[in-house]
Structure formats: structure tokens, C-alpha cells
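As provided, coords_0.cif (mmCIF, C-alpha atoms) reads as follows.
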data_coords
loop_
_atom_site.label_atom_id
_atom_site.label_comp_id
_atom_site.auth_asym_id
_atom_site.auth_seq_id
_atom_site.Cartn_x
_atom_site.Cartn_y
_atom_site.Cartn_z
CA MET F 166 142.92 148.29 126.03
CA ASP F 167 140.45 145.56 125.13
CA GLY F 168 143.38 143.61 123.71
CA ILE F 169 145.57 144.31 126.75
CA GLU F 170 142.90 142.87 129.05
CA GLY F 171 142.13 139.97 126.71
CA ASN F 172 145.73 138.84 126.52
CA SER F 173 146.14 139.09 130.27
CA MET F 174 143.13 136.88 130.89
CA LEU F 175 144.09 134.32 128.24
CA THR F 176 147.59 134.10 129.70
CA LYS F 177 146.16 133.57 133.18
CA HIS F 178 143.92 130.80 131.83
CA TYR F 179 146.95 129.11 130.27
CA MET F 180 148.91 129.45 133.51
CA THR F 181 146.05 127.85 135.45
CA ARG F 182 146.24 124.83 133.15
CA SER F 183 150.00 124.45 133.57
CA ILE F 184 150.66 125.29 137.27
CA ASP F 185 149.91 122.78 140.03
CA ASP F 186 149.69 125.18 142.96
CA ASP F 187 146.32 125.93 144.54
CA ALA F 188 147.44 129.26 146.03
CA VAL F 189 148.58 130.50 142.63
CA LYS F 190 145.41 129.21 140.96
CA LYS F 191 143.22 131.04 143.49
CA HIS F 192 145.14 134.24 142.87
CA LEU F 193 144.75 133.85 139.11
CA ALA F 194 141.02 133.14 139.40
CA ILE F 195 140.34 136.21 141.57
CA VAL F 196 142.33 138.63 139.41
CA ARG F 197 141.00 137.12 136.19
CA ARG F 198 137.43 137.76 137.32
CA ALA F 199 138.22 141.41 138.02
CA GLU F 200 139.86 141.77 134.62
CA SER F 201 136.88 140.14 132.95
CA LEU F 202 134.72 142.93 134.37
CA GLN F 203 137.23 145.51 133.16
CA GLN F 204 137.12 144.09 129.65
CA GLN F 205 133.32 144.03 129.61
CA THR F 206 133.28 147.70 130.61
CA ILE F 207 135.75 148.58 127.85
CA ARG F 208 133.71 146.72 125.24
CA SER F 209 130.57 148.55 126.35
CA LEU F 210 132.22 151.79 125.15
CA VAL F 211 131.91 150.66 121.52
CA PRO F 212 128.82 152.22 119.88
CA SER F 213 126.07 149.73 119.09
CA ASP F 214 125.82 150.95 115.50
CA GLU F 215 129.53 150.51 114.72
CA THR F 216 129.90 147.86 112.04
CA PRO F 217 132.67 145.22 112.00
CA ILE F 218 134.38 146.95 109.06
CA GLU F 219 134.34 150.26 110.94
CA THR F 220 135.84 148.51 113.96
CA ALA F 221 138.47 146.91 111.72
CA ILE F 222 139.45 150.32 110.33
CA GLY F 223 139.80 151.62 113.89
CA LEU F 224 141.88 148.59 114.86
CA GLU F 225 144.24 149.02 111.92
CA GLN F 226 144.59 152.75 112.56
CA MET F 227 145.43 151.87 116.15
CA ALA F 228 147.92 149.23 114.97
CA VAL F 229 149.70 151.62 112.59
CA ASP F 230 150.10 154.41 115.12
CA LEU F 231 150.77 152.08 118.06
CA THR F 232 153.47 150.18 116.17
CA ALA F 233 155.02 153.45 115.00
CA ASN F 234 155.10 154.74 118.57
CA LEU F 235 156.62 151.55 119.96
CA ALA F 236 159.22 151.42 117.19
CA GLN F 237 160.29 155.00 117.75
CA ASN F 238 160.75 154.28 121.46
CA GLU F 239 162.49 150.92 121.02
CA ALA F 240 166.16 150.74 122.01
CA ASP F 241 166.68 147.12 120.91
CA GLY F 242 167.59 147.26 117.22
CA TYR F 243 166.18 143.88 116.23
CA SER F 244 162.88 144.44 118.07
CA LYS F 245 162.54 147.78 116.27
CA GLN F 246 163.15 146.08 112.91
CA VAL F 247 160.41 143.54 113.63
CA LEU F 248 157.98 146.34 114.49
CA ASP F 249 158.83 148.32 111.36
CA PHE F 250 158.43 145.23 109.19
CA ALA F 251 154.90 144.51 110.43
CA LEU F 252 153.95 148.19 110.36
CA VAL F 253 154.12 148.15 106.55
CA GLU F 254 151.67 145.24 106.48
CA ASP F 255 149.18 146.73 108.94
CA TYR F 256 149.26 149.91 106.88
CA ASP F 257 148.15 147.88 103.86
CA HIS F 258 145.39 146.22 105.92
CA LEU F 259 144.00 149.65 106.75
CA TYR F 260 143.93 150.43 103.03
CA ARG F 261 142.14 147.17 102.13
CA PHE F 262 139.50 147.61 104.82
CA ALA F 263 138.99 151.21 103.66
CA LEU F 264 138.28 149.93 100.14
CA LEU F 265 135.92 147.29 101.51
CA TYR F 266 134.14 149.94 103.60
CA GLU F 267 133.57 152.09 100.53
CA ARG F 268 132.35 149.15 98.46
CA THR F 269 130.21 147.35 101.04
CA GLU F 270 128.84 150.14 103.22
CA GLY F 271 129.34 153.23 101.09
CA GLY F 272 131.52 154.73 103.80
CA ASP F 273 134.59 156.95 103.71
CA ALA F 274 137.39 155.70 105.97
CA GLU F 275 138.90 159.18 106.11
CA GLN F 276 135.90 160.26 108.18
CA LEU F 277 136.80 157.58 110.72
CA THR F 278 140.56 158.19 110.80
CA ARG F 279 140.02 161.97 110.61
CA GLY F 280 143.12 162.40 108.50
CA ARG F 281 145.40 161.50 111.41
CA THR F 282 146.68 158.33 109.76
CA GLY F 283 147.49 157.93 106.08
CA ILE F 284 145.49 155.45 104.01
CA GLY F 285 147.23 153.84 101.06
CA PRO F 286 148.90 150.63 99.88
CA GLY F 287 151.79 149.18 101.83
CA ARG F 288 153.37 145.77 101.30
CA PRO F 289 150.56 144.12 99.31
CA THR F 290 148.49 141.80 101.49
CA ALA F 291 148.68 139.12 98.77
CA GLU F 292 152.47 139.07 99.26
CA GLN F 293 152.26 138.82 103.04
CA HIS F 294 151.37 135.13 103.17
CA ARG F 295 154.41 133.27 104.45
CA HIS F 296 155.30 129.74 105.44
CA PRO F 297 155.11 129.40 109.24
CA VAL F 298 158.85 128.70 109.46
CA ASP F 299 159.52 132.16 108.00
CA GLU F 300 157.80 133.77 111.00
CA MET F 301 160.46 132.48 113.38
CA ARG F 302 162.61 135.23 114.94
CA PRO F 303 165.58 135.27 117.35
CA HIS F 304 164.42 136.23 120.83
CA PHE F 305 165.80 138.88 123.12
CA ASP F 306 167.30 138.07 126.52
CA ARG F 307 165.30 139.84 129.24
CA ARG F 308 168.57 140.51 131.10
CA ASP F 309 169.95 142.49 128.15
CA VAL F 310 166.97 144.68 127.21
CA SER F 311 165.25 147.63 128.84
CA LEU F 312 161.99 147.46 130.72
CA ARG F 313 160.44 149.52 127.91
CA THR F 314 161.39 146.77 125.44
CA MET F 315 159.55 144.20 127.55
CA MET F 316 156.56 146.53 127.85
CA ASN F 317 156.59 147.03 124.07
CA HIS F 318 156.62 143.26 123.63
CA PHE F 319 153.61 142.61 125.86
CA THR F 320 151.73 145.55 124.32
CA ILE F 321 152.17 144.57 120.67
CA VAL F 322 151.42 140.88 121.32
CA SER F 323 148.15 141.92 123.00
CA ALA F 324 147.17 144.26 120.16
CA GLU F 325 147.90 141.79 117.36
CA GLN F 326 146.11 138.96 119.15
CA GLU F 327 143.05 141.17 119.60
CA LYS F 328 142.96 141.96 115.88
CA MET F 329 143.37 138.31 114.89
CA LEU F 330 140.55 137.18 117.17
CA PHE F 331 138.22 139.98 116.09
CA TYR F 332 138.72 139.36 112.37
CA LYS F 333 138.07 135.64 112.75
CA SER F 334 134.89 136.32 114.71
CA SER F 335 133.72 138.85 112.08
CA ILE F 336 133.82 136.51 109.09
CA SER F 337 130.15 135.61 109.59
CA ALA F 338 128.98 139.22 110.01
CA TYR F 339 128.46 139.82 106.28
CA GLU F 340 126.60 138.02 103.52
CA ASP F 341 128.97 139.57 101.01
CA GLN F 342 131.53 136.88 100.13
CA LEU F 343 134.35 139.33 99.45
CA ALA F 344 133.92 140.84 102.91
CA ARG F 345 134.05 137.38 104.48
CA GLN F 346 137.12 136.46 102.47
CA LEU F 347 138.99 139.66 103.28
CA PHE F 348 138.40 139.28 107.01
CA GLY F 349 139.70 135.72 106.74
CA GLU F 350 142.74 136.65 104.68
CA ILE F 351 143.82 139.44 107.02
CA ALA F 352 143.12 137.26 110.08
CA ASP F 353 145.68 134.80 108.67
CA VAL F 354 148.29 137.54 108.37
CA GLU F 355 147.57 138.74 111.91
CA GLU F 356 148.20 135.18 113.09
CA GLN F 357 151.60 135.44 111.40
CA HIS F 358 152.27 138.76 113.11
CA LEU F 359 151.35 137.23 116.44
CA SER F 360 153.72 134.33 115.74
CA GLN F 361 156.66 136.60 114.98
CA TYR F 362 156.04 138.88 117.96
CA GLU F 363 155.71 135.90 120.31
CA ALA F 364 158.96 134.48 118.95
CA VAL F 365 160.86 137.69 119.75
CA GLY F 366 160.02 137.47 123.47
CA ASP F 367 162.30 135.70 125.94
CA PRO F 368 160.85 132.19 126.46
CA ASP F 369 162.77 131.75 129.72
CA ILE F 370 160.73 134.26 131.70
CA ALA F 371 159.36 132.28 134.66
CA PRO F 372 155.55 132.08 134.89
CA LEU F 373 155.19 134.25 137.98
CA GLU F 374 157.69 136.76 136.61
CA ARG F 375 155.63 136.91 133.42
CA LEU F 376 152.49 137.43 135.49
CA MET F 377 154.08 140.35 137.32
CA LEU F 378 155.35 141.93 134.09
CA MET F 379 151.92 141.61 132.48
CA GLU F 380 150.25 143.35 135.42
CA LEU F 381 152.83 146.12 135.19
CA ASN F 382 152.16 146.36 131.46
CA GLU F 383 148.44 146.76 132.06
CA ALA F 384 149.00 149.55 134.60
CA TYR F 385 151.49 151.19 132.24
CA ASN F 386 149.04 151.14 129.34
CA TYR F 387 146.17 152.45 131.47
CA TYR F 388 148.39 155.29 132.68
CA SER F 389 149.35 156.07 129.08
CA ALA F 390 145.68 156.00 128.07
CA PHE F 391 144.75 158.21 131.03
CA LEU F 392 147.26 160.89 130.09
CA GLY F 393 146.26 160.80 126.42
CA GLU F 394 142.48 160.79 126.94
CA SER F 395 140.44 163.95 126.30
CA ASP F 396 137.00 162.63 127.29
CA PRO F 397 136.55 163.29 131.06
CA ALA F 398 134.36 160.25 131.76
CA ILE F 399 136.64 157.81 129.94
CA ARG F 400 139.68 159.46 131.52
CA ARG F 401 138.21 158.70 134.96
CA LEU F 402 137.68 155.10 133.85
CA TRP F 403 141.31 154.69 132.76
CA LYS F 404 142.44 156.14 136.09
CA GLU F 405 140.23 153.73 138.04
CA PHE F 406 141.46 150.72 136.07
CA MET F 407 145.06 151.88 136.42
CA GLY F 408 144.58 151.79 140.19
CA GLN F 409 143.15 148.29 139.99
CA GLU F 410 146.07 147.09 137.89
CA LEU F 411 148.59 148.61 140.29
CA GLU F 412 146.98 146.51 143.00
CA HIS F 413 147.16 143.44 140.75
CA PHE F 414 150.84 144.23 140.22
CA ARG F 415 151.41 144.53 143.98
CA LEU F 416 149.78 141.16 144.59
CA ALA F 417 151.70 139.51 141.73
CA ALA F 418 154.97 141.00 143.02
CA ALA F 419 154.33 139.59 146.50
CA LEU F 420 153.50 136.18 145.00
CA PHE F 421 156.64 136.32 142.85
CA GLU F 422 158.91 137.08 145.81
CA LYS F 423 157.28 134.40 147.97
CA GLU F 424 157.25 131.60 145.39
CA GLU F 425 160.41 132.43 143.41
CA GLY F 426 162.56 133.66 146.30
CA ARG F 427 163.73 136.63 144.23
CA SER F 428 163.26 140.35 144.67
CA VAL F 429 161.07 142.39 142.38
CA ALA F 430 164.11 144.54 141.54
CA ASP F 431 165.73 141.38 140.20
CA ALA F 432 163.09 141.29 137.46
CA ILE F 433 162.35 144.95 136.71
CA GLY F 434 165.37 146.84 138.04
CA ASP F 435 164.42 150.32 139.20
CA GLY F 436 161.00 149.95 137.55
CA ILE F 437 161.41 153.13 135.51
CA ILE F 438 159.90 153.11 132.02
CA PRO F 439 161.31 156.22 130.32
CA SER F 440 158.42 156.95 127.94
CA LEU F 441 154.72 156.30 127.53
CA VAL F 442 152.57 154.78 124.80
CA GLU F 443 151.16 157.70 122.82
CA LEU F 444 148.64 157.32 120.01
CA GLN F 445 149.20 160.32 117.77
CA PRO F 446 149.76 161.05 114.06
CA ASN F 447 152.93 159.39 112.73
CA ILE F 448 152.51 160.12 109.04
CA ASP F 449 156.10 161.20 108.39
CA TYR F 450 157.56 158.21 110.25
CA VAL F 451 155.21 155.76 108.54
CA ASN F 452 156.10 157.17 105.11
CA ALA F 453 159.81 156.77 105.87
CA VAL F 454 159.25 153.17 106.95
CA LEU F 455 157.21 152.42 103.82
CA ALA F 456 160.06 153.73 101.66
CA THR F 457 162.70 151.53 103.31
CA GLN F 458 160.81 148.42 104.44
CA GLU F 459 158.27 147.48 101.75
CA GLY F 460 160.82 145.47 99.75
CA LEU F 461 162.13 143.46 102.72
CA ARG F 462 161.21 139.84 103.39
CA PRO F 463 162.09 137.57 106.35
CA TYR F 464 164.69 134.88 105.78
CA ASP F 465 166.47 132.82 108.44
CA GLY F 466 165.50 135.28 111.17
CA GLU F 467 166.72 138.33 109.26
CA PHE F 468 165.06 140.79 106.88
CA ILE F 469 166.57 141.01 103.41
CA PRO F 470 165.60 142.60 100.06
CA ARG F 471 163.23 140.34 98.14
CA GLU F 472 165.66 140.12 95.19
CA ARG F 473 168.16 138.35 97.46
CA LEU F 474 165.77 135.59 98.50
CA PRO F 475 166.93 132.09 97.51
CA PRO F 476 164.77 130.20 95.01
CA ASP F 477 163.85 127.65 97.69
CA TRP F 478 162.46 130.24 100.12
CA PRO F 479 159.59 128.26 101.73
CA SER F 480 157.17 131.17 101.44
CA PHE F 481 157.29 131.19 97.63
CA THR F 482 155.48 127.86 97.41
CA PHE F 483 153.25 128.66 100.36
CA ARG F 484 152.19 132.03 98.93
CA ASP F 485 151.48 130.59 95.50
CA ALA F 486 149.23 127.96 97.04
CA GLN F 487 147.49 130.52 99.25
CA ASN F 488 146.80 132.83 96.31
CA GLU F 489 145.92 130.13 93.81
CA GLY F 490 142.28 131.18 93.75
CA GLY F 491 143.11 134.87 93.94
CA SER F 492 143.65 137.23 96.84
CA PRO F 493 140.60 138.96 98.39
CA ALA F 494 142.86 141.95 99.13
CA ASP F 495 143.69 142.26 95.45
CA GLU F 496 140.07 141.71 94.49
CA VAL F 497 138.76 144.46 96.77
CA GLU F 498 141.16 146.86 95.05
CA LYS F 499 140.04 145.76 91.58
CA ARG F 500 136.39 146.12 92.49
CA ARG F 501 136.46 149.75 93.52
CA PRO F 502 132.84 150.61 94.26
CA ARG F 503 130.50 150.71 91.32
CA GLU F 504 127.56 149.61 93.41
CA ARG F 505 126.75 149.82 97.07
CA VAL F 506 125.82 146.76 99.04
CA ARG F 507 123.36 147.14 101.89
CA ARG F 508 124.76 147.14 105.43
CA PRO F 509 124.20 143.95 107.43
CA ALA F 510 121.25 144.02 109.79
#

C-alpha cells encoding of this file:
Amino acid sequence: MDGIEGNSMLTKHYMTRSIDDDAVKKHLAIVRRAESLQQQTIRSLVPSDETPIETAIGLEQMAVDLTANLAQNEADGYSKQVLDFALVEDYDHLYRFALLYERTEGGDAEQLTRGRTGIGPGRPTAEQHRHPVDEMRPHFDRRDVSLRTMMNHFTIVSAEQEKMLFYKSSISAYEDQLARQLFGEIADVEEQHLSQYEAVGDPDIAPLERLMLMELNEAYNYYSAFLGESDPAIRRLWKEFMGQELEHFRLAAALFEKEEGRSVADAIGDGIIPSLVELQPNIDYVNAVLATQEGLRPYDGEFIPRERLPPDWPSFTFRDAQNEGGSPADEVEKRRPRERVRRPA
């Protein structure tokens, strides 16, 4: 939910820079301030003694199970393929951070994931580095996909952006060079994930339509979190924020109809999203995806077996250059803990 709020605010900032309409800018400023307070509240839920590596393990567990849930509820075949492809890489990130946790802090990632998400190698992180042109994907047409597909799109973009930003900001948290390097390496891959997910979205969604859809997505995610939450106090918080986002959606819908001259139904149809976002164990699904997706690579917008890649695939040269000095993800696997490094102060 931190990522959902963060993406909403960053999008509103971008809109403010690109829209010359004082009424719209005032609306964006007011709602953005409310969402800033929401995000601060969410961040205050994180324990003060949670280390960046522990947070990273939680983020990757979230990414694995979130992506699995979205993929299993995705009706658009290509969007599902994109989700499954990245799922294999996030699964490997969880494994690398688990190894780093053991080596650097003497911790056991299984105690954090509680056995609800598998921890093991996926598509090796060292092989995930791709030339930016190989992250380009065909985009869906909003008129041809379900509302759930659009909600999935906004949700996964928010989650991947949150991970990328957190990993970049965590590079300086450790004196240990391998920890710094691994955070940087995985941050680069998350930037790639963000690029591919952004590319899949329809670029022709009008700004105020996008604003309305994002507010709906926030309410939808808060409702999903509310129904899946077992802690009474946090459940009340999700319910309160869901109510706030429904009001933001109402205001955005009114602005959309006034400024665009279109009905809300034009953009979201009957407004029914047939299923919710549920974070739950997906071990069987993830294992099936690992078995079928690990050997795929992106080429010309499609995903093909690596043995069919042409010799001039741009990512070959790019990956070799990126890994010239070695991959931190490979190194953290080689250096399984023989010594324990003190936690950062």
C-alpha cells in the first residue's frame, strides 16, 4: 500500500507539471496532500528495528505472491505472460536477499516469510540484465481489456516502482560492499521491470481518465487489504483509507465528466471488478511458472526460449558488459555465510 500511495502521488506531481489548468492543479494539490498523510501513516507501521534487508525480503515476498495473484486473475493473455515472466525474476531476488540476510545479519529468511512463500533460485539475477530496447512490450488497448486488467496494471506498476526506489535508497545503509552492490544490482532489474510494465499500459489514456482510474485502484487495493487483514487496528485503518479513496474517486470522476465531457461509464463500464487482490501462498503456481518460464527471454516484444535468440540480441552485449566485473547476486551465492557481519547501527 505504500507503493500504491507513492505511485499515485508521483503521478499527480507529473500531471501538475504537464497540465495548464488551475482548477485541476488545485484538485491535485489537495488530494496529494491527503495521500501524503496516508503514506506517512502506512510507513509508520514498519517496526523501527526492521533492517533494510528484512524489508527487502518482505518486499520480494509481496512481489512474488502479488504477481502470482494478478497473473492468475488476468484475462488478457499477453499481460499474464508479462507477469509470469517477471515473477521468475522476483523469485530469484527473494533468494538472493535471503542469502545476503544470512551472511550479513545472521538471519533466517524463512522466519520472515513463515514458509508461506518458497525461497530458491529462479532465473539467475546475473542473466536478468537486458538492453533497454528489450524491455519494450506491445501495449493493450483500454477499450479491449477488462477493468481488472487495468487495475492489475496500476497495481503492479506501483509495487515495482516502490521496490526500485527502496533498493536505490538502501544502497548506503550498509558498510558491507556486497550488500551495497546487491541492492544496486537488483534495483537495476526492478527499473527494467518497471519499464516493461509501463510499456504494457495503454498510453492513450487521457490524464483525467488516468487520475480517475488510479483513485479507483487505490480504493480497490484498500478494500482488498481490508478484507485480507487479520489485525483489528490495521483493518480499521484500511477501511478508513478506503473511504478516503472512494471520495477521491468521486471527485476525480466529477472532474473527468466536467473537463472531458464524457461519462464515467464510458471509461469504466459497469465498474465491476470480478475479483480482489489476495496475498496468500502460491507455492504450487509459482513452481509451475518456474518450470515453464525460466528459459524464456524477451525478443521483439515476445518471449521465446533462450536457444532461439539471434546472435545479435542486444542484451547479450549489454549483459556481458554489466557482468564484466562479476555479479553481486552470483557472489552472494558463492559466499554462503562462513562469518557473520555485524548489523548496521

Practice task
Name every residue that the PyMOL selection byres ((chain F and resi 223) around 12) selects in this structure, writing the answer as a count of residues only with chains first and numbers rising.
Solution key: 35

Handout entry: Expansion of the PyMOL selection byres ((chain F and resi 446) around 9) into residues, as a PyMOL selection string
Key = chain F and resi 230+280-283+444-445+447-449

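Proximity to Ala419 of chain F was assessed for F:Leu376, F:Asn234, F:Pro476, F:Ser173 counting only C-alpha atoms; the smallest distance is recorded for F:Leu376.
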
Exercise for the section: In Å, rounded to a single decimal, give me how far atom CA of Arg415 of chain F is from atom CA of Glu380 of chain F. Expected result: 8.7 Å

Practice task
Name the residues in contact with Ala324 of chain F at a cut-off of 10 Å, using all atoms listed in the file, excluding same-chain residues fewer than 3 positions from it; report them as a ChimeraX atom specification.
Solution key: /F:166-172,224-225,227-228,231-232,319-321,327-329,355,359

Export of prior selection with C-alpha atoms as a JSON list (two decimals), in the frame of the given file:
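Result saved to selection-v8.json:
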[["chain", "number", "residue", "atom", "x", "y", "z"],
["F", 166, "MET", "CA", 142.92, 148.29, 126.03],
["F", 167, "ASP", "CA", 140.45, 145.56, 125.13],
["F", 168, "GLY", "CA", 143.38, 143.61, 123.71],
["F", 169, "ILE", "CA", 145.57, 144.31, 126.75],
["F", 170, "GLU", "CA", 142.90, 142.87, 129.05],
["F", 171, "GLY", "CA", 142.13, 139.97, 126.71],
["F", 172, "ASN", "CA", 145.73, 138.84, 126.52],
["F", 224, "LEU", "CA", 141.88, 148.59, 114.86],
["F", 225, "GLU", "CA", 144.24, 149.02, 111.92],
["F", 227, "MET", "CA", 145.43, 151.87, 116.15],
["F", 228, "ALA", "CA", 147.92, 149.23, 114.97],
["F", 231, "LEU", "CA", 150.77, 152.08, 118.06],
["F", 232, "THR", "CA", 153.47, 150.18, 116.17],
["F", 319, "PHE", "CA", 153.61, 142.61, 125.86],
["F", 320, "THR", "CA", 151.73, 145.55, 124.32],
["F", 321, "ILE", "CA", 152.17, 144.57, 120.67],
["F", 327, "GLU", "CA", 143.05, 141.17, 119.60],
["F", 328, "LYS", "CA", 142.96, 141.96, 115.88],
["F", 329, "MET", "CA", 143.37, 138.31, 114.89],
["F", 355, "GLU", "CA", 147.57, 138.74, 111.91],
["F", 359, "LEU", "CA", 151.35, 137.23, 116.44]]

Practice task
Figure out the distance between atom CA of His294 of chain F and atom CA of Arg484 of chain F, please, to one decimal in Å.
Solution key: 5.3 Å

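Distance-wise, atom CA of Ser209 of chain F and atom CA of His318 of chain F end up 26.7 Å apart.
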
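Taken over the whole file, the PyMOL selection byres ((chain F and resi 387) around 10) covers exactly Met166, Ile169, Leu381, Asn382, Glu383, Ala384, Tyr385, Asn386, Tyr388, Ser389, Ala390, Phe391, Leu392, Gly393, Arg400, Leu402, Trp403, Lys404, Glu405, Phe406, Met407, Gly408, Gln409, Glu410, Leu411 and Val442 of chain F.
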
Handout entry: Contacts of segment 335-352 of chain F within 8 Å, only C-alpha atoms, excl. fewer than 5 positions in-chain, as a PyMOL selection string
Key = chain F and resi 217+258+265+269+290+328-330+492-494+496-497+509

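Distances here use all atoms listed in the file; by that measure, the residue among F:Gly242, F:Pro303, F:Gly466, F:Gly434 closest to Pro368 of chain F is F:Pro303.
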
Practice task
Can you pull out every residue within 10 Å of segment 187-199 of chain F, counting all atoms listed in the file, but drop anything in the same chain fewer than 4 positions away, and send it as JSON, numbers by chain?
Solution key: {"F": [170, 171, 173, 174, 175, 176, 177, 178, 180, 181, 182, 183, 203, 204, 373, 376, 409, 410, 412, 413, 416, 417, 420, 421, 424]}

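Each of F:Ile370, F:Arg288, F:Pro439, F:Ile433 was compared to Arg261 of chain F using only C-alpha atoms, and F:Arg288 turns out to be the nearest.
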
Problem - Distance query Asp299 of chain F at most 12 Å, all atoms listed in the file, self and fewer than 6 positions along chain excluded, as a list of chain:residue names - result: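 The filter keeps F:Gln293, F:Gln357, F:His358, F:Ser360, F:Gln361, F:Ala364, F:Arg462, F:Pro463, F:Tyr464, F:Asp465, F:Gly466, F:Glu467, F:Phe468, F:Leu474, F:Trp478, F:Pro479, F:Ser480, F:Phe481, F:Phe483, F:Arg484.
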
Handout entry: Nearest residue to Tyr362 of chain F from the set F:Val451, F:Ile469, F:Ala398, F:Met315 (distances using all atoms listed in the file)
Key =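 Checking each of F:Val451, F:Ile469, F:Ala398, F:Met315 against Tyr362 of chain F, counting all atoms listed in the file, the winner is F:Met315.
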
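Nearest to Gly366 of chain F of all the residues F:Ile184, F:Ala430, F:Leu235, F:Met301 is F:Met301, counting all atoms listed in the file.
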
Please complete segment 340-358 of chain F so it has N, CA and C atoms, and hand it over as a PDB file, keeping the file's coordinate frame.
ATOM      1  N   GLU F 340     126.983 138.953 104.571  1.00  0.00           N
ATOM      2  CA  GLU F 340     126.600 138.020 103.520  1.00  0.00           C
ATOM      3  C   GLU F 340     127.545 138.132 102.335  1.00  0.00           C
ATOM      4  N   ASP F 341     128.069 139.306 102.125  1.00  0.00           N
ATOM      5  CA  ASP F 341     128.970 139.570 101.010  1.00  0.00           C
ATOM      6  C   ASP F 341     130.208 138.675 101.106  1.00  0.00           C
ATOM      7  N   GLN F 342     130.429 137.852 100.087  1.00  0.00           N
ATOM      8  CA  GLN F 342     131.530 136.880 100.130  1.00  0.00           C
ATOM      9  C   GLN F 342     132.899 137.549 100.158  1.00  0.00           C
ATOM     10  N   LEU F 343     133.046 138.656  99.454  1.00  0.00           N
ATOM     11  CA  LEU F 343     134.350 139.330  99.450  1.00  0.00           C
ATOM     12  C   LEU F 343     134.676 139.854 100.840  1.00  0.00           C
ATOM     13  N   ALA F 344     133.688 140.374 101.541  1.00  0.00           N
ATOM     14  CA  ALA F 344     133.920 140.840 102.910  1.00  0.00           C
ATOM     15  C   ALA F 344     134.352 139.684 103.796  1.00  0.00           C
ATOM     16  N   ARG F 345     133.671 138.563 103.686  1.00  0.00           N
ATOM     17  CA  ARG F 345     134.050 137.380 104.480  1.00  0.00           C
ATOM     18  C   ARG F 345     135.478 136.952 104.168  1.00  0.00           C
ATOM     19  N   GLN F 346     135.792 136.929 102.884  1.00  0.00           N
ATOM     20  CA  GLN F 346     137.120 136.460 102.470  1.00  0.00           C
ATOM     21  C   GLN F 346     138.225 137.411 102.927  1.00  0.00           C
ATOM     22  N   LEU F 347     137.961 138.710 102.869  1.00  0.00           N
ATOM     23  CA  LEU F 347     138.990 139.660 103.280  1.00  0.00           C
ATOM     24  C   LEU F 347     139.248 139.567 104.782  1.00  0.00           C
ATOM     25  N   PHE F 348     138.203 139.460 105.576  1.00  0.00           N
ATOM     26  CA  PHE F 348     138.400 139.280 107.010  1.00  0.00           C
ATOM     27  C   PHE F 348     139.236 138.031 107.282  1.00  0.00           C
ATOM     28  N   GLY F 349     138.944 136.947 106.545  1.00  0.00           N
ATOM     29  CA  GLY F 349     139.700 135.720 106.740  1.00  0.00           C
ATOM     30  C   GLY F 349     141.153 135.856 106.313  1.00  0.00           C
ATOM     31  N   GLU F 350     141.376 136.499 105.174  1.00  0.00           N
ATOM     32  CA  GLU F 350     142.740 136.650 104.680  1.00  0.00           C
ATOM     33  C   GLU F 350     143.589 137.479 105.651  1.00  0.00           C
ATOM     34  N   ILE F 351     143.042 138.589 106.123  1.00  0.00           N
ATOM     35  CA  ILE F 351     143.820 139.440 107.020  1.00  0.00           C
ATOM     36  C   ILE F 351     143.964 138.788 108.404  1.00  0.00           C
ATOM     37  N   ALA F 352     142.971 138.009 108.825  1.00  0.00           N
ATOM     38  CA  ALA F 352     143.120 137.260 110.080  1.00  0.00           C
ATOM     39  C   ALA F 352     144.317 136.317 110.006  1.00  0.00           C
ATOM     40  N   ASP F 353     144.528 135.691 108.843  1.00  0.00           N
ATOM     41  CA  ASP F 353     145.680 134.800 108.670  1.00  0.00           C
ATOM     42  C   ASP F 353     146.992 135.552 108.837  1.00  0.00           C
ATOM     43  N   VAL F 354     147.063 136.751 108.257  1.00  0.00           N
ATOM     44  CA  VAL F 354     148.290 137.540 108.370  1.00  0.00           C
ATOM     45  C   VAL F 354     148.500 137.987 109.814  1.00  0.00           C
ATOM     46  N   GLU F 355     147.425 138.347 110.509  1.00  0.00           N
ATOM     47  CA  GLU F 355     147.570 138.740 111.910  1.00  0.00           C
ATOM     48  C   GLU F 355     148.070 137.562 112.756  1.00  0.00           C
ATOM     49  N   GLU F 356     147.666 136.352 112.382  1.00  0.00           N
ATOM     50  CA  GLU F 356     148.200 135.180 113.090  1.00  0.00           C
ATOM     51  C   GLU F 356     149.710 135.088 112.879  1.00  0.00           C
ATOM     52  N   GLN F 357     150.156 135.413 111.675  1.00  0.00           N
ATOM     53  CA  GLN F 357     151.600 135.440 111.400  1.00  0.00           C
ATOM     54  C   GLN F 357     152.294 136.499 112.238  1.00  0.00           C
ATOM     55  N   HIS F 358     151.682 137.688 112.294  1.00  0.00           N
ATOM     56  CA  HIS F 358     152.270 138.760 113.110  1.00  0.00           C
ATOM     57  C   HIS F 358     152.387 138.320 114.562  1.00  0.00           C
TER      58      HIS F 358
END
